[in-house]
file my_file.txt (compact mmCIF, C-alpha atoms and all ligand atoms)
# COMPACT_ATOMS: atom_id res chain seq x y z
CA MET A 14 8.41 22.35 5.85
CA ILE A 15 5.97 22.79 2.99
CA VAL A 16 6.06 25.53 0.35
CA VAL A 17 2.96 25.75 -1.85
CA MET A 18 3.63 27.55 -5.12
CA GLN A 19 0.99 29.72 -6.79
CA GLU A 20 -1.00 28.20 -9.60
CA GLY A 21 1.04 28.29 -12.80
CA ALA A 22 4.20 29.58 -11.08
CA PRO A 23 7.00 29.51 -13.68
CA GLU A 24 9.80 26.98 -13.31
CA ALA A 25 12.36 29.69 -12.54
CA GLN A 26 10.42 30.71 -9.44
CA VAL A 27 10.09 27.09 -8.33
CA GLN A 28 13.84 26.64 -8.80
CA ALA A 29 14.59 29.77 -6.76
CA VAL A 30 12.65 28.32 -3.82
CA ILE A 31 14.32 24.92 -4.22
CA ASN A 32 17.75 26.56 -4.24
CA ARG A 33 16.99 28.48 -1.08
CA LEU A 34 15.73 25.36 0.70
CA VAL A 35 18.80 23.39 -0.36
CA GLY A 36 20.99 26.27 0.81
CA MET A 37 19.40 25.98 4.26
CA GLY A 38 20.23 22.28 4.40
CA PHE A 39 16.87 20.81 3.41
CA THR A 40 16.40 17.88 1.04
CA VAL A 41 13.64 18.90 -1.35
CA HIS A 42 10.84 16.61 -2.55
CA ARG A 43 8.56 17.95 -5.22
CA SER A 44 4.89 17.11 -5.66
CA THR A 45 3.10 18.38 -8.72
CA GLY A 46 -0.65 18.50 -8.13
CA VAL A 47 -3.41 19.35 -10.58
CA SER A 48 -3.00 23.09 -10.01
CA HIS A 49 -0.17 23.67 -7.55
CA THR A 50 3.41 22.56 -7.15
CA VAL A 51 4.20 21.71 -3.54
CA LEU A 52 7.79 21.56 -2.27
CA GLY A 53 8.50 19.51 0.82
CA GLY A 54 11.70 20.45 2.60
CA VAL A 55 12.95 17.65 4.84
CA GLY A 56 15.90 18.11 7.12
CA PRO A 57 17.09 19.71 10.31
CA VAL A 58 14.35 21.66 12.06
CA ASP A 59 15.44 25.23 12.41
CA ASP A 60 13.25 27.10 14.86
CA SER A 61 14.76 30.39 13.81
CA PHE A 62 13.51 30.04 10.25
CA ASP A 63 10.44 32.13 9.50
CA PRO A 64 7.89 30.84 6.95
CA ALA A 65 7.23 34.47 5.99
CA ASP A 66 10.73 34.59 4.44
CA PHE A 67 9.43 32.18 1.82
CA GLU A 68 5.96 33.68 1.50
CA VAL A 69 7.44 36.90 0.16
CA MET A 70 9.30 35.10 -2.62
CA ASP A 71 7.92 35.39 -6.15
CA GLY A 72 5.45 32.66 -7.03
CA VAL A 73 4.97 31.39 -3.46
CA LYS A 74 1.38 31.01 -2.25
CA GLU A 75 2.04 29.86 1.31
CA CYS A 76 4.63 28.20 3.51
CA HIS A 77 4.25 26.30 6.74
CA ARG A 78 6.08 24.01 9.08
CA ILE A 79 4.98 20.39 9.24
CA VAL A 80 4.92 19.53 12.89
CA SER A 81 4.05 15.84 12.46
CA PRO A 82 7.03 13.44 12.40
CA TYR A 83 6.12 12.17 8.94
CA LYS A 84 6.55 14.94 6.40
CA LEU A 85 6.23 13.43 2.94
CA ALA A 86 3.45 11.03 3.91
CA ASN A 87 1.49 13.95 5.36
CA ARG A 88 -1.61 14.94 3.43
CA HIS A 89 -0.34 18.56 3.32
CA PHE A 90 2.34 17.42 0.88
CA LYS A 91 -0.30 16.31 -1.63
CA PRO A 92 -3.71 17.60 -0.56
CA GLY A 93 -5.48 16.13 -3.58
CA GLY A 94 -4.28 12.60 -2.76
CA THR A 95 -1.93 10.28 -4.59
CA ILE A 96 -3.25 8.23 -7.47
CA LEU A 97 -0.90 5.45 -8.56
CA LYS A 98 -1.07 4.50 -12.22
CA ILE A 99 0.26 1.00 -12.70
CA ARG A 100 0.02 -0.32 -16.27
CA GLY A 101 -3.45 1.11 -16.77
CA VAL A 102 -4.74 0.41 -13.24
CA GLU A 103 -5.35 3.44 -11.02
CA ILE A 104 -5.10 3.02 -7.24
CA GLY A 105 -6.32 5.87 -5.05
CA GLY A 106 -8.77 7.26 -7.59
CA ASN A 107 -12.53 6.92 -7.66
CA LYS A 108 -12.50 3.21 -8.47
CA VAL A 109 -12.08 0.69 -5.66
CA VAL A 110 -9.38 -1.76 -6.76
CA THR A 111 -9.35 -5.43 -5.75
CA MET A 112 -6.28 -7.63 -5.36
CA ALA A 113 -7.01 -11.31 -4.78
CA GLY A 114 -5.48 -14.75 -4.91
CA PRO A 115 -4.15 -17.44 -2.63
CA CYS A 116 -1.93 -16.88 0.36
CA SER A 117 0.88 -18.92 -1.20
CA VAL A 118 1.84 -19.88 -4.72
CA GLU A 119 1.56 -23.68 -4.68
CA THR A 120 1.43 -24.91 -8.30
CA GLY A 121 1.04 -23.55 -11.83
CA GLU A 122 -2.46 -25.05 -12.14
CA GLN A 123 -3.54 -23.51 -8.83
CA ILE A 124 -2.44 -20.02 -9.87
CA GLU A 125 -3.91 -20.32 -13.36
CA CYS A 126 -7.19 -21.28 -11.72
CA ALA A 127 -6.91 -18.39 -9.24
CA ALA A 128 -6.16 -15.88 -12.01
CA GLN A 129 -9.26 -17.00 -13.87
CA ILE A 130 -11.44 -16.61 -10.76
CA VAL A 131 -9.92 -13.20 -9.99
CA ALA A 132 -10.23 -11.85 -13.54
CA ASN A 133 -13.75 -13.22 -14.12
CA ALA A 134 -15.00 -11.56 -10.95
CA GLY A 135 -13.66 -8.20 -12.17
CA ALA A 136 -10.60 -7.77 -9.93
CA GLN A 137 -7.43 -6.15 -11.27
CA VAL A 138 -4.49 -7.67 -9.38
CA ILE A 139 -3.52 -11.23 -8.47
CA ARG A 140 -1.83 -11.82 -5.13
CA GLY A 141 0.22 -14.83 -4.01
CA GLY A 142 3.37 -15.26 -1.99
CA ALA A 143 6.45 -16.91 -3.46
CA PHE A 144 8.49 -15.94 -0.38
CA LYS A 145 6.44 -16.64 2.73
CA PRO A 146 7.03 -15.22 6.22
CA ARG A 147 5.79 -18.07 8.42
CA SER A 148 5.54 -18.08 12.20
CA SER A 149 7.18 -21.53 12.24
CA PRO A 150 10.47 -22.32 10.49
CA TYR A 151 9.05 -25.77 9.72
CA SER A 152 6.09 -24.43 7.70
CA PHE A 153 6.17 -24.10 3.88
CA GLN A 154 8.44 -21.17 3.02
CA GLY A 155 7.37 -20.58 -0.59
CA LEU A 156 8.44 -21.63 -4.10
CA GLY A 157 10.80 -18.68 -4.65
CA GLU A 158 11.61 -17.78 -8.27
CA GLU A 159 9.58 -20.68 -9.65
CA GLY A 160 6.56 -19.20 -7.86
CA LEU A 161 7.24 -15.76 -9.36
CA LYS A 162 7.35 -17.23 -12.88
CA ILE A 163 4.04 -18.97 -12.27
CA MET A 164 2.47 -15.71 -11.05
CA ARG A 165 3.71 -13.67 -14.01
CA ARG A 166 2.57 -16.22 -16.57
CA ALA A 167 -0.97 -16.48 -15.15
CA ALA A 168 -1.29 -12.71 -14.65
CA ASP A 169 -0.25 -11.98 -18.24
CA HIS A 170 -2.65 -14.61 -19.50
CA HIS A 171 -5.57 -12.91 -17.75
CA GLY A 172 -4.52 -9.24 -17.99
CA LEU A 173 -3.83 -8.85 -14.26
CA LEU A 174 -1.12 -7.10 -12.25
CA VAL A 175 1.02 -9.10 -9.79
CA VAL A 176 1.48 -8.24 -6.12
CA THR A 177 3.83 -10.45 -4.16
CA GLU A 178 5.83 -10.21 -0.97
CA VAL A 179 9.43 -9.11 -0.55
CA MET A 180 10.94 -10.41 2.69
CA ASP A 181 14.41 -8.94 2.53
CA GLN A 182 16.50 -6.66 0.39
CA THR A 183 18.44 -9.45 -1.33
CA GLN A 184 15.19 -10.51 -3.07
CA ILE A 185 14.51 -7.09 -4.62
CA PRO A 186 16.36 -7.54 -7.96
CA LEU A 187 14.57 -10.83 -8.63
CA LEU A 188 11.16 -9.44 -7.69
CA LEU A 189 11.64 -6.43 -9.96
CA ASP A 190 11.68 -8.81 -12.92
CA TYR A 191 8.32 -10.41 -12.12
CA ALA A 192 6.12 -8.22 -9.91
CA ASP A 193 4.15 -5.02 -10.50
CA ILE A 194 3.75 -4.26 -6.79
CA LEU A 195 6.04 -5.41 -3.97
CA GLN A 196 4.30 -6.24 -0.70
CA VAL A 197 5.98 -5.55 2.61
CA GLY A 198 4.31 -7.87 5.09
CA ALA A 199 3.14 -6.97 8.57
CA ARG A 200 6.18 -8.62 10.15
CA ASN A 201 8.52 -6.47 8.10
CA MET A 202 6.81 -3.10 8.53
CA GLN A 203 9.66 -1.91 10.71
CA ASN A 204 12.50 -3.63 8.85
CA PHE A 205 14.15 -0.28 8.26
CA ASN A 206 16.98 -1.60 6.08
CA LEU A 207 14.42 -3.16 3.75
CA LEU A 208 12.34 0.04 3.72
CA ARG A 209 15.39 2.14 2.84
CA GLU A 210 16.24 -0.16 -0.07
CA LEU A 211 12.66 0.04 -1.30
CA GLY A 212 13.01 3.82 -1.29
CA ARG A 213 15.79 3.48 -3.86
CA ILE A 214 13.77 1.55 -6.43
CA ARG A 215 10.97 2.80 -8.65
CA LYS A 216 8.29 0.18 -8.19
CA PRO A 217 5.01 0.50 -6.25
CA ILE A 218 5.08 -0.82 -2.68
CA LEU A 219 2.17 -2.27 -0.71
CA LEU A 220 3.05 -1.55 2.91
CA LYS A 221 1.07 -3.56 5.45
CA ARG A 222 0.47 -2.36 8.99
CA GLY A 223 2.41 -4.31 11.62
CA ILE A 224 0.40 -6.40 14.03
CA SER A 225 1.14 -4.07 16.93
CA ALA A 226 1.89 -0.89 15.01
CA THR A 227 0.14 2.40 15.57
CA ILE A 228 -1.08 4.39 12.60
CA GLU A 229 1.72 6.88 13.19
CA GLU A 230 4.31 4.08 13.08
CA LEU A 231 2.82 2.88 9.79
CA LEU A 232 3.16 6.37 8.37
CA LEU A 233 6.74 6.65 9.61
CA SER A 234 7.55 3.39 7.84
CA ALA A 235 6.05 4.84 4.65
CA GLU A 236 8.22 7.92 5.25
CA TYR A 237 11.36 5.73 5.06
CA ILE A 238 10.38 4.71 1.52
CA LEU A 239 9.21 8.18 0.47
CA SER A 240 12.35 9.86 1.75
CA GLY A 241 14.37 7.72 -0.64
CA GLY A 242 12.35 9.11 -3.54
CA ASN A 243 9.94 6.22 -4.15
CA TYR A 244 6.56 7.93 -3.93
CA GLU A 245 4.45 4.99 -5.05
CA ILE A 246 3.13 3.48 -1.83
CA ILE A 247 -0.17 1.84 -0.98
CA LEU A 248 -0.91 1.41 2.73
CA CYS A 249 -2.78 -1.62 4.01
CA GLU A 250 -4.81 -2.14 7.17
CA ARG A 251 -4.64 -5.89 7.87
CA GLY A 252 -5.75 -6.15 11.48
CA ILE A 253 -3.88 -5.64 14.71
CA ARG A 254 -3.36 -7.89 17.70
CA THR A 255 -5.74 -7.23 20.57
CA PHE A 256 -7.11 -9.24 23.53
CA GLU A 257 -9.95 -10.57 21.34
CA THR A 258 -9.66 -14.27 20.46
CA GLN A 259 -12.72 -14.82 18.23
CA THR A 260 -10.83 -13.41 15.28
CA ARG A 261 -7.17 -13.88 14.30
CA ASN A 262 -6.64 -10.11 14.45
CA THR A 263 -8.90 -7.14 15.08
CA PHE A 264 -9.61 -5.41 11.78
CA ASP A 265 -9.28 -1.70 12.54
CA VAL A 266 -11.98 -0.18 10.36
CA SER A 267 -11.41 3.25 11.89
CA ALA A 268 -7.93 3.23 10.35
CA PHE A 269 -9.45 4.09 6.96
CA PRO A 270 -10.96 7.49 7.79
CA VAL A 271 -8.01 8.29 10.05
CA LEU A 272 -5.45 7.48 7.36
CA LYS A 273 -7.44 9.27 4.65
CA ARG A 274 -7.25 12.40 6.81
CA LEU A 275 -3.58 12.12 7.78
CA THR A 276 -2.01 11.01 4.50
CA HIS A 277 -2.35 11.42 0.75
CA LEU A 278 -1.36 7.79 0.14
CA PRO A 279 -3.96 5.26 -1.05
CA VAL A 280 -5.18 2.86 1.65
CA ILE A 281 -6.53 -0.64 1.11
CA GLY A 282 -7.97 -3.23 3.49
CA ASP A 283 -7.08 -6.89 4.01
CA PRO A 284 -10.09 -8.48 5.70
CA SER A 285 -8.60 -11.98 5.25
CA HIS A 286 -5.68 -11.49 7.64
CA GLY A 287 -7.86 -8.95 9.44
CA THR A 288 -10.29 -11.62 10.64
CA GLY A 289 -8.68 -15.02 10.00
CA LYS A 290 -12.02 -16.68 9.26
CA ARG A 291 -13.61 -16.76 5.84
CA ASP A 292 -17.18 -16.10 7.02
CA TYR A 293 -16.13 -12.71 8.36
CA VAL A 294 -14.19 -11.60 5.30
CA VAL A 295 -17.08 -10.39 3.15
CA PRO A 296 -18.74 -8.27 5.90
CA MET A 297 -15.38 -6.66 6.69
CA ALA A 298 -14.70 -6.06 2.99
CA ARG A 299 -17.99 -4.18 2.84
CA ALA A 300 -17.08 -2.25 6.00
CA ALA A 301 -13.66 -1.27 4.62
CA VAL A 302 -15.11 0.14 1.42
CA ALA A 303 -17.88 1.92 3.33
CA ALA A 304 -15.21 3.46 5.58
CA GLY A 305 -13.23 4.85 2.66
CA ALA A 306 -10.77 2.14 1.58
CA ASP A 307 -9.35 2.63 -1.91
CA GLY A 308 -9.18 -1.09 -2.44
CA LEU A 309 -9.09 -4.56 -0.97
CA ILE A 310 -6.66 -7.44 -0.86
CA VAL A 311 -8.25 -10.81 -0.11
CA GLU A 312 -7.30 -14.45 -0.18
CA VAL A 313 -9.20 -16.75 -2.56
CA HIS A 314 -8.38 -20.32 -3.64
CA HIS A 315 -10.18 -22.85 -5.84
CA ASP A 316 -10.03 -25.35 -2.95
CA PRO A 317 -9.27 -23.49 0.31
CA ASP A 318 -9.72 -26.64 2.43
CA HIS A 319 -6.50 -27.89 0.86
CA ALA A 320 -4.60 -24.59 0.70
CA ILE A 321 -1.01 -24.83 1.97
CA SER A 322 -1.39 -21.70 4.09
CA ASP A 323 -4.20 -19.57 5.55
CA GLY A 324 -7.00 -21.87 4.30
CA ALA A 325 -9.40 -20.92 7.11
CA GLN A 326 -9.47 -17.26 6.04
CA THR A 327 -9.47 -17.97 2.31
CA LEU A 328 -12.67 -17.38 0.34
CA ARG A 329 -14.21 -20.03 -1.88
CA PRO A 330 -14.58 -18.84 -5.50
CA GLU A 331 -18.34 -18.28 -5.19
CA GLN A 332 -17.86 -16.27 -1.97
CA PHE A 333 -15.33 -14.09 -3.76
CA THR A 334 -17.66 -13.45 -6.68
CA GLU A 335 -20.40 -12.53 -4.22
CA MET A 336 -17.98 -10.24 -2.35
CA MET A 337 -17.25 -8.38 -5.58
CA ARG A 338 -20.97 -7.94 -6.21
CA GLN A 339 -21.57 -6.57 -2.71
CA VAL A 340 -18.51 -4.32 -2.83
CA ARG A 341 -19.75 -2.78 -6.07
CA ALA A 342 -23.03 -1.91 -4.35
CA ILE A 343 -21.26 -0.38 -1.34
CA ALA A 344 -18.89 1.55 -3.61
CA ARG A 345 -21.87 3.05 -5.45
CA ALA A 346 -23.46 4.01 -2.13
CA VAL A 347 -20.39 6.05 -1.16
CA GLY A 348 -20.01 7.70 -4.57
CA ARG A 349 -17.38 5.40 -6.02
CA THR A 350 -17.15 2.56 -8.49
CA ALA A 351 -15.65 -0.90 -8.11
C1 LIG B 1 0.04 -12.40 3.36
O1 LIG B 1 -0.37 -11.45 2.69
O2 LIG B 1 -0.15 -13.61 3.06
C2 LIG B 1 0.68 -12.09 4.66
C3 LIG B 1 1.60 -12.90 5.18
O3 LIG B 1 0.20 -10.96 5.20
P1 LIG B 1 0.60 -10.21 6.56
O4 LIG B 1 2.00 -9.75 6.37
O5 LIG B 1 -0.41 -9.10 6.63
O6 LIG B 1 0.46 -11.20 7.67
MN MN B 2 -1.81 -15.21 4.06

call {"tool": "encode", "arguments": {"input": "my_file.txt", "output": "structure tokens"}}
result
Amino acid sequence: MIVVMQEGAPEAQVQAVINRLVGMGFTVHRSTGVSHTVLGGVGPVDDSFDPADFEVMDGVKECHRIVSPYKLANRHFKPGGTILKIRGVEIGGNKVVTMAGPCSVETGEQIECAAQIVANAGAQVIRGGAFKPRSSPYSFQGLGEEGLKIMRRAADHHGLLVVTEVMDQTQIPLLLDYADILQVGARNMQNFNLLRELGRIRKPILLKRGISATIEELLLSAEYILSGGNYEIILCERGIRTFETQTRNTFDVSAFPVLKRLTHLPVIGDPSHGTGKRDYVVPMARAAVAAGADGLIVEVHHDPDHAISDGAQTLRPEQFTEMMRQVRAIARAVGRTA
């Protein structure tokens, strides 16, 4: 259930509501918006409880039940939207943020080159996997800690943030030392043990939609992390599996307006995995931003024809620079910046 406090309600009144919720068996999550404090009570649904009992309490503006299965991810919990602030970069605000880099970390020179391309084009975050979920056990599995060191060094050199994938909970302590954002890949979206562990840490999470996951399932996965108290989540539409074979996945552009309505969490688009072919990446990047995406994550490599993984969907440097130019124009058209 959601209790919205009146504007400027004193702390004592907020505490009185929290105490009552706790007394009823709810776990209380607090969201402090620009003007209102919102309290989300998560726990056993009690049909006999009457929201009016809370609405008569001092300092309470309104109270209602959340009927959707995801409570903390629900937009009602934070109507104004969540803006993540990560070392000076805001995600979910007016500016469209771009994360870019190769699929995999291959060498120090490759990542240094990628960081330069990414920073020069005006993007804020470098991506690159050091732990790679591959469909085949015989494919390259990533450089591990060496790859993380390479990422951190290049990112610091060019003033970028690092996003990189976490594949299981044993990797979390290591990743905390090197990354600014931990990516949960599509294949792990419903790895509930991993999600629970990520709820315990205080580091932003990029949660990618599973290849056959509904939007509601994506939000329930986010709920696992939120319910542990980690509120810094970015959702990512990265294409879903359909009967279409012309593209690797079908990039669900309608997910952006749907998610922006259902949740307060920032949502970004991955048109690289979303299409699987580099010529379709820039049009879909434009479409994502036009549809309301808060950012993009794309694959770019100085020599994609020789990339170890995902070369076919990886932009050439000049395509990436052109994408950034076009995205800035689209962002302006929809009242944003990029
Ligand atoms: C990736 O980002 O390289 C990746 C493996 O993405 P996804 O989990 O969306 O397939
Ligand atoms: Mn990839």

call {"tool": "closest_atom_pairs", "arguments": {"input": "my_file.txt", "of": "chain A", "to": "ligand LIG 1 (chain B)", "cutoff": "7 Å", "atoms": "all atoms listed in the file", "output": "Markdown table"}}
result
| residue | atom | partner | partner_atom | distance |
| --- | --- | --- | --- | --- |
| A:Cys116 | CA | B:LIG1 | O2 | 4.6 |
| A:Ser117 | CA | B:LIG1 | O2 | 6.9 |
| A:Gly142 | CA | B:LIG1 | O2 | 6.4 |
| A:Lys145 | CA | B:LIG1 | C3 | 6.6 |
| A:Pro146 | CA | B:LIG1 | C3 | 6.0 |
| A:Val197 | CA | B:LIG1 | O4 | 6.9 |
| A:Gly198 | CA | B:LIG1 | O4 | 3.2 |
| A:Ala199 | CA | B:LIG1 | O4 | 3.7 |
| A:Arg200 | CA | B:LIG1 | O4 | 5.7 |
| A:Lys221 | CA | B:LIG1 | O5 | 5.9 |
| A:Arg251 | CA | B:LIG1 | O5 | 5.5 |
| A:His286 | CA | B:LIG1 | O5 | 5.9 |

call {"tool": "residues_near_ligand", "arguments": {"input": "my_file.txt", "ligand": "ligand MN 2 (chain B)", "cutoff": "10 Å", "atoms": "only C-alpha atoms and all ligand atoms", "output": "PyMOL selection string"}}
result
chain A and resi 114-117+140-142+145-147+198+283+285-286+289+311-312+321-327

call {"tool": "atom_distance", "arguments": {"input": "my_file.txt", "atom1": "CA of Glu103 (chain A)", "atom2": "CA of Val131 (chain A)"}}
result
17.3 Å

call {"tool": "residues_near_point", "arguments": {"input": "my_file.txt", "point": "(-2.8, -12.1, -7.4)", "cutoff": "7 Å", "atoms": "all atoms listed in the file", "output": "VMD selection string"}}
result
chain A and resid 112 to 114 128 138 to 141 175 to 176

call {"tool": "closest_residue", "arguments": {"input": "my_file.txt", "among": "A:Glu250, A:Asp169, A:Glu178, A:Glu75", "to": "Val118 (chain A)", "atoms": "all atoms listed in the file"}}
result
A:Glu178

call {"tool": "residues_around", "arguments": {"input": "my_file.txt", "residues": "Ala298 (chain A)", "least_positions_apart": "3", "cutoff": "9 Å", "atoms": "all atoms listed in the file", "output": "PyMOL selection string"}}
result
chain A and resi 282-285+293-295+301-303+309+311+336+339-340

call {"tool": "residues_around", "arguments": {"input": "my_file.txt", "residues": "Arg165 (chain A)", "least_positions_apart": "3", "cutoff": "8 Å", "atoms": "only C-alpha atoms", "output": "NGL selection string"}}
result
:A and (161-162 or 168-169 or 175 or 191-192)

call {"tool": "write_last_selection", "arguments": {"input": "my_file.txt", "atoms": "C-alpha atoms", "output": "compact mmCIF listing (two decimals), in the frame of the given file"}}
result
# COMPACT_ATOMS: atom_id res chain seq x y z
CA LEU A 161 7.24 -15.76 -9.36
CA LYS A 162 7.35 -17.23 -12.88
CA ALA A 168 -1.29 -12.71 -14.65
CA ASP A 169 -0.25 -11.98 -18.24
CA VAL A 175 1.02 -9.10 -9.79
CA TYR A 191 8.32 -10.41 -12.12
CA ALA A 192 6.12 -8.22 -9.91

call {"tool": "atom_distance", "arguments": {"input": "my_file.txt", "atom1": "CA of His315 (chain A)", "atom2": "CA of Pro279 (chain A)"}}
result
29.2 Å

call {"tool": "atom_distance", "arguments": {"input": "my_file.txt", "atom1": "CA of Val179 (chain A)", "atom2": "CA of Glu229 (chain A)"}}
result
22.4 Å

call {"tool": "residues_near_point", "arguments": {"input": "my_file.txt", "point": "(-17.6, 12.3, -4.6)", "cutoff": "12 Å", "atoms": "all atoms listed in the file", "output": "ChimeraX atom specification"}}
result
/A:106-108,305,344-350

call {"tool": "residues_around", "arguments": {"input": "my_file.txt", "residues": "Val80 (chain A)", "least_positions_apart": "3", "cutoff": "9 Å", "atoms": "only C-alpha atoms", "output": "number ranges by chain"}}
result
A: 14, 83-84

call {"tool": "residues_around", "arguments": {"input": "my_file.txt", "residues": "Arg222 (chain A)", "least_positions_apart": "2", "cutoff": "10 Å", "atoms": "only C-alpha atoms", "output": "VMD selection string"}}
result
chain A and resid 197 to 203 219 to 220 224 to 228 230 to 232 234 248 to 253

call {"tool": "closest_residue", "arguments": {"input": "my_file.txt", "among": "A:Glu125, A:Phe205, A:Leu189, A:Arg338", "to": "His170 (chain A)", "atoms": "all atoms listed in the file"}}
result
A:Glu125
